[in-house]
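Before any comments, here is the structure.
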Amino acid sequence: MTQTFPVTVTVNEKKYKREVEARLLLSDFLRHELGLTGTHVGCEHGVCGACTILFDGESVRSCLMFAVQADGHALITVEGLAKDKDNLHPLQQSFWEAHGLQCGYCTPGILMSMIPFLQKNPNPTEDEIRQALSGNLCRCTGYQHIVDAVKLAAEKMG
């Protein structure tokens with residue numbers, strides 16, 4: 001019999017209580033236990049950034065954390081950014097307007113990486129944006145449209 005541990009976590013402003021195995025990754029908890037499939041799993045080594053979420057307001061790789069580590073914490077996933085499909089977060093809207101995505105697999109992780117970046121740096125240069133994006137891999141784009149989208153979001157949010 002596998003031992004489980006209680007986890008109480010707030011995700012996208014909603015409180016969840018579950019019993020989880022100690023080895024359950026936070027990314028798998030979000031996807032399989034809570035049905036929040038916007039958090040994508042790419043490399044499972046913390047390299048690609050597709051699983052990035054906000055953990056108490058900071059970007060973290062959810063594939064590098066266990067669900068039990070989230071006990072008592074507040075998480076935001078990409079599903080928590082927009083009020084609804086007609087009221088996107090300014091960063092999401094900017095990605096749409098500036099064609100900052102293609103297949104969309106990496107996009108949730110990029111969005112969740114850029115939210116705290118833009119909060120800390122509301123008027124970034126292109127070089128600062130590129131540096132902030134360096135932890136996220138995208139196989140479909142040449143990154144220029146992503147950079148343009150982040151710059152547009154900074155203008156909208158500023």
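Going through the structure tokens in order, the chains are called A, B, and so on, while each chain numbers its residues from 1 and the ligands are numbered from 1 in the order shown.
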
Considering only C-alpha atoms, give me a table of residues in region 46-65 of chain A that are at most 8 Å from region 17-35 of chain A, with the closest atom pair and distance in Å for each, as JSON lines.
```
{"residue": "A:Cys51", "atom": "CA", "partner": "A:Ser27", "partner_atom": "CA", "distance": 6.6}
{"residue": "A:Ser62", "atom": "CA", "partner": "A:Ser27", "partner_atom": "CA", "distance": 4.8}
{"residue": "A:Cys63", "atom": "CA", "partner": "A:Ser27", "partner_atom": "CA", "distance": 5.1}
{"residue": "A:Leu64", "atom": "CA", "partner": "A:Leu25", "partner_atom": "CA", "distance": 7.1}
{"residue": "A:Met65", "atom": "CA", "partner": "A:Leu26", "partner_atom": "CA", "distance": 5.5}
```

Using only C-alpha atoms, tabulate the residues of region 68-108 of chain A lying at most 10 Å from any atom of region 145-156 of chain A, each with its closest atom pair and that distance in Å to one decimal, by chain and increasing residue number, as JSON lines.
```
{"residue": "A:His89", "atom": "CA", "partner": "A:Ala153", "partner_atom": "CA", "distance": 9.2}
{"residue": "A:Pro90", "atom": "CA", "partner": "A:Ala153", "partner_atom": "CA", "distance": 5.8}
{"residue": "A:Leu91", "atom": "CA", "partner": "A:Ala153", "partner_atom": "CA", "distance": 4.9}
{"residue": "A:Gln92", "atom": "CA", "partner": "A:Ala153", "partner_atom": "CA", "distance": 8.2}
{"residue": "A:Gln93", "atom": "CA", "partner": "A:Ala153", "partner_atom": "CA", "distance": 7.8}
{"residue": "A:Ser94", "atom": "CA", "partner": "A:Ala149", "partner_atom": "CA", "distance": 5.1}
{"residue": "A:Phe95", "atom": "CA", "partner": "A:Ala149", "partner_atom": "CA", "distance": 4.9}
{"residue": "A:Trp96", "atom": "CA", "partner": "A:Ala149", "partner_atom": "CA", "distance": 8.0}
{"residue": "A:Glu97", "atom": "CA", "partner": "A:Ala149", "partner_atom": "CA", "distance": 7.4}
{"residue": "A:Ala98", "atom": "CA", "partner": "A:Ala149", "partner_atom": "CA", "distance": 5.1}
{"residue": "A:His99", "atom": "CA", "partner": "A:His145", "partner_atom": "CA", "distance": 5.9}
{"residue": "A:Gly100", "atom": "CA", "partner": "A:Ile146", "partner_atom": "CA", "distance": 4.2}
{"residue": "A:Leu101", "atom": "CA", "partner": "A:Ile146", "partner_atom": "CA", "distance": 7.0}
{"residue": "A:Gln102", "atom": "CA", "partner": "A:His145", "partner_atom": "CA", "distance": 9.8}
{"residue": "A:Thr107", "atom": "CA", "partner": "A:Ile146", "partner_atom": "CA", "distance": 9.2}
```

Mind the document's chain letters and residue numbers, and return as an mmCIF file with N, CA and C atoms, in the first residue's frame the residues of chain A that DSSP labels alpha helix (DSSP H).
```cif
data_model
loop_
_atom_site.group_PDB
_atom_site.id
_atom_site.type_symbol
_atom_site.label_atom_id
_atom_site.label_comp_id
_atom_site.auth_asym_id
_atom_site.auth_seq_id
_atom_site.Cartn_x
_atom_site.Cartn_y
_atom_site.Cartn_z
ATOM 1 N N LEU A 26 4.312 18.065 -9.169
ATOM 2 C CA LEU A 26 3.333 19.138 -9.160
ATOM 3 C C LEU A 26 2.678 19.284 -10.533
ATOM 4 N N SER A 27 3.437 19.129 -11.593
ATOM 5 C CA SER A 27 2.874 19.214 -12.945
ATOM 6 C C SER A 27 1.813 18.135 -13.156
ATOM 7 N N ASP A 28 2.080 16.934 -12.696
ATOM 8 C CA ASP A 28 1.108 15.841 -12.834
ATOM 9 C C ASP A 28 -0.107 16.067 -11.933
ATOM 10 N N PRO A 90 -3.662 41.028 -20.576
ATOM 11 C CA PRO A 90 -2.964 41.820 -21.603
ATOM 12 C C PRO A 90 -1.804 41.079 -22.270
ATOM 13 N N LEU A 91 -1.131 40.219 -21.539
ATOM 14 C CA LEU A 91 -0.038 39.448 -22.137
ATOM 15 C C LEU A 91 -0.591 38.437 -23.141
ATOM 16 N N GLN A 92 -1.667 37.764 -22.799
ATOM 17 C CA GLN A 92 -2.301 36.832 -23.732
ATOM 18 C C GLN A 92 -2.803 37.568 -24.970
ATOM 19 N N GLN A 93 -3.441 38.698 -24.763
ATOM 20 C CA GLN A 93 -3.953 39.498 -25.873
ATOM 21 C C GLN A 93 -2.816 39.936 -26.794
ATOM 22 N N SER A 94 -1.697 40.310 -26.192
ATOM 23 C CA SER A 94 -0.540 40.741 -26.982
ATOM 24 C C SER A 94 0.059 39.593 -27.782
ATOM 25 N N PHE A 95 0.080 38.397 -27.223
ATOM 26 C CA PHE A 95 0.556 37.235 -27.972
ATOM 27 C C PHE A 95 -0.329 36.983 -29.178
ATOM 28 N N TRP A 96 -1.633 37.168 -29.004
ATOM 29 C CA TRP A 96 -2.566 36.993 -30.117
ATOM 30 C C TRP A 96 -2.331 38.075 -31.171
ATOM 31 N N GLU A 97 -2.233 39.315 -30.750
ATOM 32 C CA GLU A 97 -2.085 40.426 -31.691
ATOM 33 C C GLU A 97 -0.748 40.416 -32.416
ATOM 34 N N THR A 107 3.658 28.109 -25.134
ATOM 35 C CA THR A 107 3.077 29.404 -24.790
ATOM 36 C C THR A 107 2.662 29.536 -23.327
ATOM 37 N N PRO A 108 1.959 28.562 -22.731
ATOM 38 C CA PRO A 108 1.593 28.744 -21.325
ATOM 39 C C PRO A 108 2.802 28.978 -20.411
ATOM 40 N N GLY A 109 3.861 28.220 -20.626
ATOM 41 C CA GLY A 109 5.067 28.399 -19.819
ATOM 42 C C GLY A 109 5.711 29.749 -20.036
ATOM 43 N N ILE A 110 5.713 30.208 -21.279
ATOM 44 C CA ILE A 110 6.278 31.527 -21.569
ATOM 45 C C ILE A 110 5.438 32.603 -20.897
ATOM 46 N N LEU A 111 4.131 32.500 -21.015
ATOM 47 C CA LEU A 111 3.260 33.489 -20.369
ATOM 48 C C LEU A 111 3.521 33.537 -18.872
ATOM 49 N N MET A 112 3.618 32.377 -18.246
ATOM 50 C CA MET A 112 3.797 32.332 -16.799
ATOM 51 C C MET A 112 5.194 32.780 -16.379
ATOM 52 N N SER A 113 6.148 32.727 -17.283
ATOM 53 C CA SER A 113 7.483 33.267 -17.003
ATOM 54 C C SER A 113 7.504 34.783 -17.159
ATOM 55 N N MET A 114 6.731 35.279 -18.106
ATOM 56 C CA MET A 114 6.757 36.708 -18.400
ATOM 57 C C MET A 114 5.919 37.555 -17.434
ATOM 58 N N ILE A 115 4.931 36.956 -16.779
ATOM 59 C CA ILE A 115 4.094 37.720 -15.843
ATOM 60 C C ILE A 115 4.947 38.357 -14.743
ATOM 61 N N PRO A 116 5.712 37.581 -13.960
ATOM 62 C CA PRO A 116 6.518 38.247 -12.924
ATOM 63 C C PRO A 116 7.633 39.113 -13.498
ATOM 64 N N PHE A 117 8.155 38.719 -14.669
ATOM 65 C CA PHE A 117 9.181 39.544 -15.315
ATOM 66 C C PHE A 117 8.641 40.939 -15.591
ATOM 67 N N LEU A 118 7.448 41.023 -16.173
ATOM 68 C CA LEU A 118 6.870 42.326 -16.499
ATOM 69 C C LEU A 118 6.445 43.100 -15.257
ATOM 70 N N GLN A 119 6.085 42.392 -14.196
ATOM 71 C CA GLN A 119 5.752 43.074 -12.944
ATOM 72 C C GLN A 119 6.987 43.743 -12.357
ATOM 73 N N LYS A 120 8.129 43.082 -12.477
ATOM 74 C CA LYS A 120 9.382 43.614 -11.927
ATOM 75 C C LYS A 120 10.057 44.590 -12.881
ATOM 76 N N GLU A 126 14.558 45.109 -25.486
ATOM 77 C CA GLU A 126 14.514 43.845 -26.226
ATOM 78 C C GLU A 126 15.518 42.854 -25.653
ATOM 79 N N ASP A 127 16.708 43.332 -25.293
ATOM 80 C CA ASP A 127 17.710 42.435 -24.711
ATOM 81 C C ASP A 127 17.243 41.857 -23.387
ATOM 82 N N GLU A 128 16.589 42.658 -22.560
ATOM 83 C CA GLU A 128 16.077 42.168 -21.278
ATOM 84 C C GLU A 128 14.976 41.124 -21.495
ATOM 85 N N ILE A 129 14.140 41.357 -22.486
ATOM 86 C CA ILE A 129 13.093 40.385 -22.809
ATOM 87 C C ILE A 129 13.721 39.080 -23.265
ATOM 88 N N ARG A 130 14.693 39.164 -24.158
ATOM 89 C CA ARG A 130 15.361 37.952 -24.646
ATOM 90 C C ARG A 130 16.040 37.191 -23.507
ATOM 91 N N GLN A 131 16.645 37.917 -22.592
ATOM 92 C CA GLN A 131 17.277 37.269 -21.435
ATOM 93 C C GLN A 131 16.223 36.571 -20.573
ATOM 94 N N ALA A 132 15.093 37.241 -20.348
ATOM 95 C CA ALA A 132 14.019 36.659 -19.538
ATOM 96 C C ALA A 132 13.408 35.432 -20.215
ATOM 97 N N LEU A 133 13.390 35.427 -21.530
ATOM 98 C CA LEU A 133 12.849 34.292 -22.288
ATOM 99 C C LEU A 133 13.830 33.132 -22.419
ATOM 100 N N GLN A 144 11.226 36.114 -32.461
ATOM 101 C CA GLN A 144 11.018 37.548 -32.659
ATOM 102 C C GLN A 144 9.574 37.956 -32.361
ATOM 103 N N HIS A 145 8.613 37.165 -32.805
ATOM 104 C CA HIS A 145 7.215 37.503 -32.535
ATOM 105 C C HIS A 145 6.894 37.399 -31.041
ATOM 106 N N ILE A 146 7.554 36.479 -30.350
ATOM 107 C CA ILE A 146 7.373 36.371 -28.902
ATOM 108 C C ILE A 146 7.917 37.621 -28.224
ATOM 109 N N VAL A 147 9.102 38.045 -28.626
ATOM 110 C CA VAL A 147 9.698 39.278 -28.076
ATOM 111 C C VAL A 147 8.772 40.457 -28.363
ATOM 112 N N ASP A 148 8.273 40.553 -29.593
ATOM 113 C CA ASP A 148 7.356 41.645 -29.953
ATOM 114 C C ASP A 148 6.099 41.612 -29.089
ATOM 115 N N ALA A 149 5.591 40.417 -28.818
ATOM 116 C CA ALA A 149 4.385 40.279 -28.004
ATOM 117 C C ALA A 149 4.631 40.725 -26.567
ATOM 118 N N VAL A 150 5.775 40.384 -26.020
ATOM 119 C CA VAL A 150 6.096 40.798 -24.646
ATOM 120 C C VAL A 150 6.268 42.308 -24.583
ATOM 121 N N LYS A 151 6.908 42.881 -25.593
ATOM 122 C CA LYS A 151 7.078 44.356 -25.647
ATOM 123 C C LYS A 151 5.702 45.022 -25.750
ATOM 124 N N LEU A 152 4.828 44.496 -26.573
ATOM 125 C CA LEU A 152 3.474 45.045 -26.711
ATOM 126 C C LEU A 152 2.722 44.943 -25.377
ATOM 127 N N ALA A 153 2.865 43.818 -24.707
ATOM 128 C CA ALA A 153 2.212 43.645 -23.397
ATOM 129 C C ALA A 153 2.724 44.663 -22.395
ATOM 130 N N ALA A 154 4.029 44.913 -22.417
ATOM 131 C CA ALA A 154 4.598 45.910 -21.498
ATOM 132 C C ALA A 154 3.976 47.267 -21.754
ATOM 133 N N GLU A 155 3.783 47.611 -23.021
ATOM 134 C CA GLU A 155 3.149 48.898 -23.358
ATOM 135 C C GLU A 155 1.711 48.923 -22.856
ATOM 136 N N LYS A 156 0.973 47.830 -23.074
ATOM 137 C CA LYS A 156 -0.443 47.756 -22.645
ATOM 138 C C LYS A 156 -0.580 47.833 -21.130
ATOM 139 N N MET A 157 0.332 47.152 -20.444
ATOM 140 C CA MET A 157 0.254 47.061 -18.993
ATOM 141 C C MET A 157 0.803 48.308 -18.300
#
```

Which residue, A:His45, A:Arg139, A:Lys15, A:Arg61, has the smallest gap to Tyr105 (chain A) when you use only C-alpha atoms? A:Arg139

I'd like the neighbourhood of Glu79 (chain A) as a PDB file with C-alpha atoms, in the first residue's frame, where a residue qualifies if any of its atoms comes within 9 Å (using only C-alpha atoms), though same-chain residues fewer than 3 positions away should be ignored.
```pdb
ATOM      1  CA  ASN A  12      -6.279  30.071  -9.512  1.00  0.00           C
ATOM      2  CA  LEU A  36      -5.658  21.918 -15.481  1.00  0.00           C
ATOM      3  CA  THR A  37      -4.041  20.744 -18.699  1.00  0.00           C
ATOM      4  CA  GLY A  38      -2.728  24.156 -19.741  1.00  0.00           C
ATOM      5  CA  THR A  39       0.421  23.352 -17.768  1.00  0.00           C
ATOM      6  CA  ILE A  76      -1.569  30.333 -10.695  1.00  0.00           C
ATOM      7  CA  ALA A  82      -7.953  35.330 -18.207  1.00  0.00           C
ATOM      8  CA  LYS A  83     -11.337  36.052 -16.679  1.00  0.00           C
ATOM      9  CA  PRO A 108       1.593  28.744 -21.325  1.00  0.00           C
TER      10      PRO A 108
END
```

For CA of Ala67 (chain A) and CA of Thr4 (chain A), determine how far apart the two atoms are, in Å to one decimal place. 11.1 Å

Just to confirm, what's the straight-line distance from CA of Ala74 (chain A) to CA of Val9 (chain A) in Å (one decimal)? 6.3 Å

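The spacing separating CA of Cys138 (chain A) from CA of Glu58 (chain A) amounts to 21.1 Å.
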
Using only C-alpha atoms, the shortest atom-to-atom distance to Val60 (chain A) among A:Gly42, A:Gly104, A:Gly135, A:Pro122 belongs to A:Gly135

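Between Leu81 (chain A) and the candidates A:Ile53, A:Val68, A:Tyr16, A:Gly158, the tightest atom-to-atom separation, counting only C-alpha atoms, involves A:Ile53.
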
Give me every strand (DSSP E) residue in chain A, going by DSSP on the backbone, as a VMD selection string. chain A and resid 4 to 11 14 to 21 52 to 55 58 to 61 74 to 76
